[in-house]
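Student: The structure file query-v3.txt (compact mmCIF, C-alpha atoms and all ligand atoms) is provided below.
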```txt
# COMPACT_ATOMS: atom_id res chain seq x y z
CA MET A 1 -2.64 -13.49 14.26
CA THR A 2 0.47 -12.55 16.23
CA GLY A 3 1.11 -8.86 16.04
CA SER A 4 -2.40 -7.94 14.88
CA ARG A 5 -3.61 -4.54 15.99
CA THR A 6 -6.51 -2.25 15.23
CA LEU A 7 -6.59 -0.02 12.21
CA GLY A 8 -6.37 3.40 13.81
CA ARG A 9 -9.00 3.73 16.52
CA THR A 10 -11.51 1.53 14.70
CA ASP A 11 -12.48 -2.01 15.68
CA VAL A 12 -11.02 -3.45 12.47
CA ARG A 13 -8.14 -5.76 13.41
CA VAL A 14 -5.34 -5.84 10.87
CA PRO A 15 -2.13 -7.83 10.44
CA PRO A 16 1.22 -6.00 10.72
CA MET A 17 1.57 -6.11 6.91
CA GLY A 18 -0.84 -6.14 3.98
CA VAL A 19 -0.37 -6.92 0.31
CA GLY A 20 -0.69 -4.40 -2.51
CA ALA A 21 -2.71 -5.61 -5.52
CA MET A 22 -2.17 -2.58 -7.77
CA VAL A 23 -0.67 -4.58 -10.64
CA TRP A 24 -2.94 -7.59 -10.24
CA GLY A 25 -5.69 -8.30 -12.74
CA ASP A 26 -6.24 -9.28 -16.32
CA PRO A 27 -4.07 -6.97 -18.44
CA THR A 28 -6.23 -7.50 -21.51
CA SER A 29 -9.12 -5.83 -19.69
CA MET A 30 -7.00 -2.78 -18.77
CA PRO A 31 -6.94 0.28 -21.02
CA ARG A 32 -3.78 0.39 -23.16
CA TRP A 33 -2.18 3.31 -21.29
CA ASN A 34 -3.31 2.47 -17.77
CA PRO A 35 -0.43 2.78 -15.23
CA ALA A 36 -1.29 -0.59 -13.61
CA ARG A 37 -0.62 -2.17 -16.99
CA ASN A 38 2.53 -0.24 -17.83
CA ALA A 39 4.29 0.97 -14.69
CA TYR A 40 5.80 -2.36 -13.64
CA GLY A 41 6.25 -4.18 -16.94
CA PRO A 42 4.47 -7.45 -17.61
CA THR A 43 1.68 -8.25 -15.18
CA SER A 44 1.85 -11.69 -13.53
CA SER A 45 -0.68 -14.41 -14.31
CA LEU A 46 -3.87 -15.36 -12.47
CA ALA A 47 -2.10 -18.50 -11.19
CA ASP A 48 0.85 -16.41 -9.90
CA GLN A 49 -1.46 -14.00 -8.10
CA ARG A 50 -3.54 -16.83 -6.65
CA ALA A 51 -0.35 -18.46 -5.34
CA ALA A 52 0.92 -15.15 -3.92
CA LEU A 53 -2.36 -14.68 -2.05
CA ALA A 54 -2.22 -18.24 -0.68
CA VAL A 55 1.27 -17.59 0.72
CA CYS A 56 0.10 -14.34 2.33
CA LEU A 57 -2.99 -15.91 3.91
CA ASN A 58 -0.89 -18.76 5.26
CA ALA A 59 1.29 -16.20 7.01
CA GLY A 60 -1.73 -14.34 8.41
CA VAL A 61 -1.29 -11.47 5.94
CA ASN A 62 -4.98 -11.23 5.16
CA MET A 63 -5.31 -7.60 4.10
CA LEU A 64 -5.39 -6.66 0.41
CA ASP A 65 -5.09 -3.14 -0.92
CA THR A 66 -6.62 -2.16 -4.26
CA ALA A 67 -8.40 0.83 -5.85
CA ALA A 68 -11.21 1.50 -8.29
CA MET A 69 -8.64 3.18 -10.51
CA TYR A 70 -6.11 0.32 -10.71
CA GLY A 71 -6.35 -1.14 -14.19
CA ALA A 72 -9.70 0.69 -14.54
CA GLY A 73 -11.28 -1.89 -12.20
CA ALA A 74 -9.16 -4.89 -13.25
CA SER A 75 -7.35 -5.08 -9.89
CA GLU A 76 -10.61 -5.00 -7.89
CA ARG A 77 -12.07 -7.61 -10.26
CA ARG A 78 -9.09 -9.89 -9.64
CA VAL A 79 -9.27 -9.38 -5.86
CA GLY A 80 -12.98 -10.29 -6.03
CA GLU A 81 -12.24 -13.38 -8.12
CA LEU A 82 -9.52 -14.59 -5.74
CA THR A 83 -11.32 -13.92 -2.47
CA VAL A 84 -14.81 -15.38 -2.92
CA GLY A 85 -15.57 -17.19 0.34
CA VAL A 86 -12.13 -16.33 1.75
CA ASP A 87 -11.77 -14.49 5.04
CA VAL A 88 -9.80 -11.39 4.02
CA LEU A 89 -9.82 -7.70 4.72
CA VAL A 90 -10.24 -5.63 1.60
CA ALA A 91 -9.14 -2.01 1.37
CA THR A 92 -10.07 -0.08 -1.74
CA LYS A 93 -10.14 3.53 -2.88
CA PHE A 94 -12.37 6.18 -4.37
CA PRO A 95 -12.65 7.76 -6.99
CA ALA A 96 -12.63 5.72 -10.19
CA ARG A 97 -11.57 8.58 -12.44
CA PHE A 98 -9.20 11.46 -11.78
CA LEU A 99 -11.67 14.26 -12.47
CA ALA A 100 -14.60 12.73 -10.55
CA GLY A 101 -16.21 14.81 -7.81
CA ALA A 102 -17.31 13.77 -4.32
CA GLY A 103 -20.88 13.23 -5.52
CA SER A 104 -19.83 10.13 -7.46
CA LEU A 105 -18.89 8.28 -4.25
CA PRO A 106 -22.10 6.26 -3.72
CA ARG A 107 -22.20 4.86 -7.27
CA THR A 108 -18.42 4.29 -7.36
CA LEU A 109 -18.65 2.32 -4.12
CA GLU A 110 -21.49 0.20 -5.55
CA ALA A 111 -19.39 -0.56 -8.64
CA SER A 112 -16.38 -1.49 -6.47
CA LEU A 113 -18.53 -3.80 -4.32
CA ARG A 114 -19.79 -5.54 -7.46
CA ARG A 115 -16.27 -6.06 -8.79
CA LEU A 116 -15.04 -7.18 -5.37
CA ARG A 117 -18.08 -9.48 -5.00
CA ARG A 118 -18.66 -8.19 -1.47
CA GLU A 119 -21.42 -6.55 0.55
CA SER A 120 -18.96 -4.20 2.27
CA VAL A 121 -15.33 -3.07 2.22
CA ASP A 122 -13.21 -3.10 5.35
CA LEU A 123 -11.44 0.16 4.53
CA TYR A 124 -12.62 2.78 2.02
CA GLN A 125 -9.99 5.41 1.25
CA VAL A 126 -10.05 8.70 -0.63
CA HIS A 127 -7.21 7.99 -3.07
CA TYR A 128 -5.76 11.54 -3.14
CA PRO A 129 -6.86 15.06 -2.32
CA VAL A 130 -7.90 17.30 -5.21
CA PRO A 131 -9.10 20.91 -5.04
CA TRP A 132 -12.47 20.07 -6.61
CA MET A 133 -13.35 17.53 -3.92
CA SER A 134 -14.40 19.10 -0.63
CA ILE A 135 -12.99 17.07 2.26
CA PRO A 136 -16.01 17.62 4.58
CA LYS A 137 -18.41 16.68 1.77
CA VAL A 138 -16.59 13.47 0.88
CA MET A 139 -16.35 12.55 4.58
CA ASP A 140 -20.12 13.10 4.96
CA LEU A 141 -20.67 10.64 2.10
CA MET A 142 -18.21 8.20 3.68
CA ALA A 143 -20.19 8.43 6.93
CA GLU A 144 -23.39 7.61 5.03
CA ALA A 145 -21.70 4.55 3.54
CA VAL A 146 -20.63 3.43 7.04
CA ALA A 147 -24.20 3.93 8.33
CA ALA A 148 -25.50 1.85 5.41
CA GLY A 149 -23.13 -1.01 6.40
CA LYS A 150 -21.16 -0.80 3.15
CA VAL A 151 -17.91 0.45 4.68
CA ARG A 152 -16.33 -0.62 7.99
CA ALA A 153 -13.59 2.00 8.29
CA VAL A 154 -12.76 5.25 6.52
CA GLY A 155 -9.28 6.23 5.39
CA VAL A 156 -7.49 8.72 3.18
CA SER A 157 -4.42 8.51 0.99
CA ASN A 158 -1.77 11.02 -0.05
CA PHE A 159 -3.27 13.54 2.40
CA SER A 160 -1.06 16.18 4.04
CA ALA A 161 -1.14 16.59 7.82
CA LYS A 162 -3.53 19.56 7.42
CA GLN A 163 -5.87 17.64 5.09
CA MET A 164 -5.81 14.65 7.48
CA ARG A 165 -6.85 16.89 10.35
CA GLU A 166 -9.72 18.25 8.26
CA ALA A 167 -10.89 14.73 7.39
CA HIS A 168 -10.49 13.63 11.02
CA ALA A 169 -12.60 16.57 12.25
CA ALA A 170 -15.30 16.00 9.60
CA LEU A 171 -15.64 12.32 10.54
CA ALA A 172 -15.62 13.16 14.26
CA ARG A 173 -18.84 15.15 13.66
CA HIS A 174 -20.38 11.78 12.73
CA GLY A 175 -18.76 10.04 15.71
CA LEU A 176 -16.34 8.18 13.41
CA PRO A 177 -12.54 7.87 13.62
CA LEU A 178 -10.23 8.43 10.67
CA ALA A 179 -8.64 4.97 10.35
CA SER A 180 -5.61 5.54 8.14
CA ASN A 181 -3.61 7.72 5.80
CA GLN A 182 -1.92 5.72 3.02
CA VAL A 183 1.22 7.49 1.86
CA GLN A 184 4.50 6.63 0.21
CA TYR A 185 6.98 5.61 2.90
CA SER A 186 10.15 3.59 2.62
CA LEU A 187 13.86 3.84 3.32
CA LEU A 188 14.13 5.80 0.08
CA HIS A 189 11.11 8.01 0.63
CA ARG A 190 11.01 9.37 4.15
CA ALA A 191 8.93 12.51 3.60
CA PRO A 192 6.26 11.48 6.18
CA GLU A 193 8.93 11.90 8.89
CA THR A 194 9.45 15.57 8.03
CA ASN A 195 6.19 16.79 6.47
CA GLY A 196 4.13 16.31 9.65
CA VAL A 197 2.14 13.28 8.41
CA LEU A 198 3.74 10.69 10.70
CA GLU A 199 3.45 13.05 13.63
CA ALA A 200 -0.24 13.81 12.90
CA CYS A 201 -0.96 10.07 12.50
CA ARG A 202 0.49 9.35 15.93
CA GLU A 203 -1.25 12.29 17.55
CA LEU A 204 -4.67 11.43 16.08
CA GLY A 205 -4.34 7.65 16.44
CA VAL A 206 -4.40 7.11 12.68
CA THR A 207 -2.49 4.18 11.11
CA LEU A 208 0.04 5.19 8.49
CA ILE A 209 -0.28 2.66 5.66
CA ALA A 210 3.06 2.67 3.83
CA TYR A 211 2.76 2.22 0.10
CA MET A 212 5.76 1.37 -2.12
CA PRO A 213 7.66 0.09 0.94
CA LEU A 214 10.13 -1.54 -1.46
CA ALA A 215 10.41 1.72 -3.45
CA SER A 216 8.83 0.03 -6.51
CA GLY A 217 11.34 -2.82 -6.27
CA ALA A 218 14.49 -0.65 -5.83
CA LEU A 219 14.93 -1.85 -2.24
CA THR A 220 14.97 -5.50 -3.29
CA GLY A 221 18.58 -4.85 -4.38
CA LYS A 222 18.01 -6.51 -7.74
CA TYR A 223 18.16 -3.32 -9.84
CA SER A 224 21.18 -1.15 -10.66
CA SER A 225 22.37 1.32 -13.30
CA THR A 226 23.09 -1.66 -15.58
CA ASN A 227 19.94 -3.62 -14.70
CA ARG A 228 16.97 -1.29 -14.89
CA PRO A 229 13.43 -2.38 -14.08
CA ALA A 230 10.73 -3.04 -16.67
CA GLY A 231 7.97 -0.51 -17.27
CA TRP A 232 7.53 3.22 -16.80
CA ARG A 233 8.97 3.17 -13.27
CA GLN A 234 12.51 3.14 -14.72
CA TYR A 235 12.12 6.81 -15.74
CA ARG A 236 11.19 7.98 -12.22
CA ALA A 237 12.84 8.19 -8.81
CA PRO A 238 14.54 6.12 -7.44
CA PHE A 239 15.70 4.63 -10.76
CA ARG A 240 16.99 7.73 -12.58
CA SER A 241 20.75 7.96 -13.10
CA LYS A 242 21.02 10.78 -10.57
CA ASP A 243 19.30 8.60 -7.91
CA MET A 244 21.64 5.63 -8.38
CA PRO A 245 24.40 6.63 -5.91
CA ARG A 246 21.84 6.88 -3.08
CA LEU A 247 20.21 3.60 -4.08
CA GLU A 248 23.57 1.83 -4.25
CA ARG A 249 24.53 3.24 -0.82
CA VAL A 250 21.39 1.94 0.89
CA ASN A 251 21.47 -1.37 -1.00
CA ALA A 252 25.03 -1.91 0.31
CA VAL A 253 23.91 -1.46 3.93
CA GLN A 254 20.92 -3.75 3.28
CA ARG A 255 23.23 -6.45 1.87
CA GLN A 256 25.54 -6.28 4.90
CA LEU A 257 22.61 -6.70 7.29
CA ALA A 258 20.98 -9.35 5.09
CA GLU A 259 24.15 -11.39 5.28
CA ARG A 260 24.40 -11.00 9.04
CA TYR A 261 20.79 -12.09 9.62
CA GLY A 262 20.68 -14.75 6.89
CA ARG A 263 17.91 -12.71 5.22
CA THR A 264 17.44 -10.81 1.96
CA PRO A 265 17.74 -7.07 1.18
CA SER A 266 13.94 -6.89 0.63
CA GLN A 267 13.31 -8.30 4.09
CA ILE A 268 15.70 -5.78 5.64
CA ALA A 269 13.85 -2.92 3.88
CA LEU A 270 10.46 -4.23 5.00
CA ARG A 271 11.71 -4.73 8.57
CA TRP A 272 12.79 -1.08 8.68
CA VAL A 273 9.19 -0.03 7.85
CA LEU A 274 7.59 -2.66 10.10
CA GLN A 275 9.60 -1.42 13.08
CA GLN A 276 8.36 2.17 12.72
CA PRO A 277 5.56 2.43 15.31
CA ASP A 278 1.98 2.47 13.97
CA VAL A 279 3.07 1.93 10.36
CA LEU A 280 1.60 -0.84 8.21
CA PRO A 281 3.43 -1.62 4.94
CA ILE A 282 1.62 -3.06 1.91
CA PRO A 283 4.33 -4.41 -0.43
CA GLY A 284 3.23 -5.54 -3.87
CA ALA A 285 4.04 -9.15 -4.75
CA LYS A 286 3.71 -10.50 -8.27
CA ASN A 287 4.08 -14.17 -7.41
CA ALA A 288 4.50 -16.73 -4.62
CA ARG A 289 8.28 -16.32 -4.49
CA GLN A 290 8.04 -12.58 -3.86
CA ALA A 291 5.17 -13.04 -1.40
CA THR A 292 7.11 -15.69 0.54
CA GLU A 293 10.11 -13.41 0.82
CA ASN A 294 8.00 -10.45 1.89
CA VAL A 295 5.87 -12.15 4.55
CA SER A 296 8.99 -13.78 6.00
CA ALA A 297 10.03 -10.28 7.07
CA LEU A 298 7.51 -10.75 9.89
CA SER A 299 9.62 -13.41 11.57
CA PHE A 300 12.72 -11.53 12.74
CA GLU A 301 13.73 -8.17 14.18
CA LEU A 302 16.47 -5.63 13.57
CA THR A 303 18.24 -3.97 16.47
CA GLN A 304 17.94 -0.23 17.08
CA SER A 305 21.50 0.25 15.85
CA ASP A 306 20.75 -1.63 12.61
CA LEU A 307 17.69 0.56 12.07
CA ALA A 308 19.82 3.64 12.71
CA ALA A 309 22.47 2.46 10.21
CA LEU A 310 19.78 2.02 7.54
CA SER A 311 18.29 5.43 8.30
CA ALA A 312 21.74 7.04 8.16
CA ALA A 313 22.28 5.60 4.66
CA THR A 314 19.32 7.62 3.35
CA ASP A 315 19.32 10.63 5.67
N1 LIG A 401 -2.28 5.26 -2.54
C1 LIG A 401 -1.47 5.43 -3.56
O1 LIG A 401 -1.43 6.49 -4.20
C2 LIG A 401 -0.59 4.28 -3.98
C3 LIG A 401 0.42 4.45 -4.94
C4 LIG A 401 1.22 3.35 -5.26
C5 LIG A 401 1.00 2.12 -4.66
N2 LIG A 401 -0.02 1.99 -3.74
C6 LIG A 401 -0.29 0.68 -3.09
O2 LIG A 401 0.91 0.17 -2.53
C7 LIG A 401 1.13 -1.15 -3.01
C8 LIG A 401 2.61 -1.44 -3.06
O3 LIG A 401 3.29 -0.49 -3.86
P1 LIG A 401 4.03 -0.89 -5.20
O4 LIG A 401 3.57 -2.25 -5.63
O5 LIG A 401 3.86 0.24 -6.13
O6 LIG A 401 5.58 -0.90 -4.80
P2 LIG A 401 6.46 -1.86 -3.89
O7 LIG A 401 5.63 -2.64 -2.98
O8 LIG A 401 7.53 -0.99 -3.34
O9 LIG A 401 7.16 -2.79 -5.00
C9 LIG A 401 6.47 -3.89 -5.53
C10 LIG A 401 7.25 -4.48 -6.70
O10 LIG A 401 8.58 -4.85 -6.29
C11 LIG A 401 8.92 -6.13 -6.85
N3 LIG A 401 9.00 -7.06 -5.69
C12 LIG A 401 8.15 -7.15 -4.62
N4 LIG A 401 8.60 -8.07 -3.73
C13 LIG A 401 9.73 -8.56 -4.23
C14 LIG A 401 10.67 -9.52 -3.77
N5 LIG A 401 10.50 -10.11 -2.59
N6 LIG A 401 11.75 -9.79 -4.54
C15 LIG A 401 11.95 -9.16 -5.72
N7 LIG A 401 11.11 -8.23 -6.21
C16 LIG A 401 10.01 -7.93 -5.48
C17 LIG A 401 7.79 -6.49 -7.83
O11 LIG A 401 8.05 -5.92 -9.11
P3 LIG A 401 9.20 -6.47 -10.13
O12 LIG A 401 9.37 -7.94 -9.86
O13 LIG A 401 8.68 -6.16 -11.48
O14 LIG A 401 10.42 -5.65 -9.78
C18 LIG A 401 6.61 -5.76 -7.21
O15 LIG A 401 5.59 -5.49 -8.14
C19 LIG A 401 0.41 -1.18 -4.37
O16 LIG A 401 0.12 -2.49 -4.80
C20 LIG A 401 -0.82 -0.37 -4.05
O17 LIG A 401 -1.77 -1.18 -3.39
C21 LIG A 401 -0.78 3.05 -3.40
```
Could you quickly redo this structure as structure tokens?
Ligand SMILES: NC(=O)c1ccc[n+]([C@@H]2O[C@H](COP(=O)([O-])OP(=O)(O)OC[C@H]3O[C@@H](n4cnc5c(N)ncnc54)[C@H](OP(=O)(O)O)[C@@H]3O)[C@@H](O)[C@H]2O)c1

Tutor:
Amino acid sequence: MTGSRTLGRTDVRVPPMGVGAMVWGDPTSMPRWNPARNAYGPTSSLADQRAALAVCLNAGVNMLDTAAMYGAGASERRVGELTVGVDVLVATKFPARFLAGAGSLPRTLEASLRRLRRESVDLYQVHYPVPWMSIPKVMDLMAEAVAAGKVRAVGVSNFSAKQMREAHAALARHGLPLASNQVQYSLLHRAPETNGVLEACRELGVTLIAYMPLASGALTGKYSSTNRPAGWRQYRAPFRSKDMPRLERVNAVQRQLAERYGRTPSQIALRWVLQQPDVLPIPGAKNARQATENVSALSFELTQSDLAALSAATD
């Protein structure tokens, strides 16, 4: 598709945007207190998620992001159900449980492949760094999975610049590139610009996959101090009372630009991420309407001065 590029220095070609499937899946199969079931309020239906995927595929957005942990496997199961025989790129993550060690990687990958109904995943990511999981050891196991043809590209998530470099060096010993680091990045969460992660990504040729590019829905402009979102997210940044002035400030700039371009605030927020070099956003979409709005962000561009005005609103 137009605008496709490789994922890091791998040969996996990816669209400029993916779709996040964290809150997809059958809620009745998710444990009662699982974040995928509770963080965003009511989960959308199978029909909604099927329609959202159809919209994305139509627009060339053929990369889905999930994780073994989301809904305790429910998200992967749903992605598998919706993508049988469909040409999509699937990114998932290890481990399945918070306290799991590196040694559980081979069996966790097998379980993910079964749920996803696939022989291999296009991108396998370490979900987050933890002190009890040695980075070189987990990268050795990732390299074995690549050699076995079960993984096409290896990525990490929530890794600092230092941890990324360690993963990059460990994979290089196997002749493999580190494809991506998936971190939170949006107009309201710009830490990668100052904590060295964006810089390390560019230096090492690693794609920065931006999760929560709509700041959990805050950058859609539909929430305010009098209209709070459903689910646990309402108790966290950027929805707490003390965060509201900043949110209202950036939403106001988004609305001005949205009006000028005949677009929506969500599309302005996604454009800001899309126009950061080597950054690939993966907005979540609960239904076809949200997916349509999000993928339509691919069809226009903001000027440098518009980007600067948005950045200034959250500097
Ligand atoms: N690696 C990690 O640690 C990590 C952590 C979090 C997420 N992720 C990944 O990143 C993906 C995206 O993050 P996210 O889903 O948490 O946050 P997000 O993409 O910032 O926000 C998604 C939510 O915003 C609302 N929304 C989306 N598009 C909309 C539109 N056009 N109009 C109105 N509302 C819209 C929907 O919720 P409402 O309609 O209910 O508002 C949707 O669930 C996840 O699916 C997951 O794959 C990774």

Student: Within 9 Å of segment 248-262 of chain A, which residues of segment 107-219 of chain A come that close, and what is the closest atom pair and distance in Å for each? Count all atoms listed in the file and give it as a Markdown table.

Tutor:
```
| residue | atom | partner | partner_atom | distance |
| --- | --- | --- | --- | --- |
| A:Leu187 | CA | A:Val250 | CA | 8.1 |
| A:Leu188 | CA | A:Val250 | CA | 8.3 |
| A:Ala218 | CA | A:Asn251 | CA | 8.5 |
| A:Leu219 | CA | A:Asn251 | CA | 6.7 |
```

Student: How about saving the chosen residues, C-alpha atoms kept, as a compact mmCIF listing (two decimals), keeping the file's coordinate frame?

Tutor:
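Below you can see part18.txt, which holds the result:
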```txt
# COMPACT_ATOMS: atom_id res chain seq x y z
CA LEU A 187 13.86 3.84 3.32
CA LEU A 188 14.13 5.80 0.08
CA ALA A 218 14.49 -0.65 -5.83
CA LEU A 219 14.93 -1.85 -2.24
```

Student: May I ask which of the residues A:Asn58, A:Ser75, A:Gln125, A:Ser4 is the closest one to Pro35 of chain A, counting all atoms listed in the file?

Tutor: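 Once distances to Pro35 of chain A are computed over all atoms listed in the file, the minimum belongs to A:Ser75.
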
Student: Name the closest residue to Asn181 of chain A among the candidates A:Tyr70, A:Tyr223, A:Trp232, A:Tyr128; distances are taken between atoms, counting all atoms listed in the file.

Tutor: A:Tyr128

Student: Expressed in Å to a single decimal, how great is the separation between atom CA of Val206 of chain A and atom CA of Lys150 of chain A?

Tutor: 20.8 Å

Student: So which one's closest to Ala39 of chain A, A:Gly71, A:Pro245, A:Gly85, A:Pro281? Using only C-alpha atoms, please.

Tutor: A:Gly71

Student: Within 7 Å of ligand LIG 401 (chain A) (counting all atoms listed in the file), which residues show up? I'd like them as a ChimeraX atom specification.

Tutor: /A:19-23,40-41,65-66,127-128,157-158,182-184,211-217,220,222,229-230,266,282-286,289-291,293-294

Student: Could you check how far atom CA of Ala167 of chain A sits from atom CA of Ala153 of chain A, in Å to one decimal?

Tutor: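 That distance, rounded to one decimal, is 13.0 Å.
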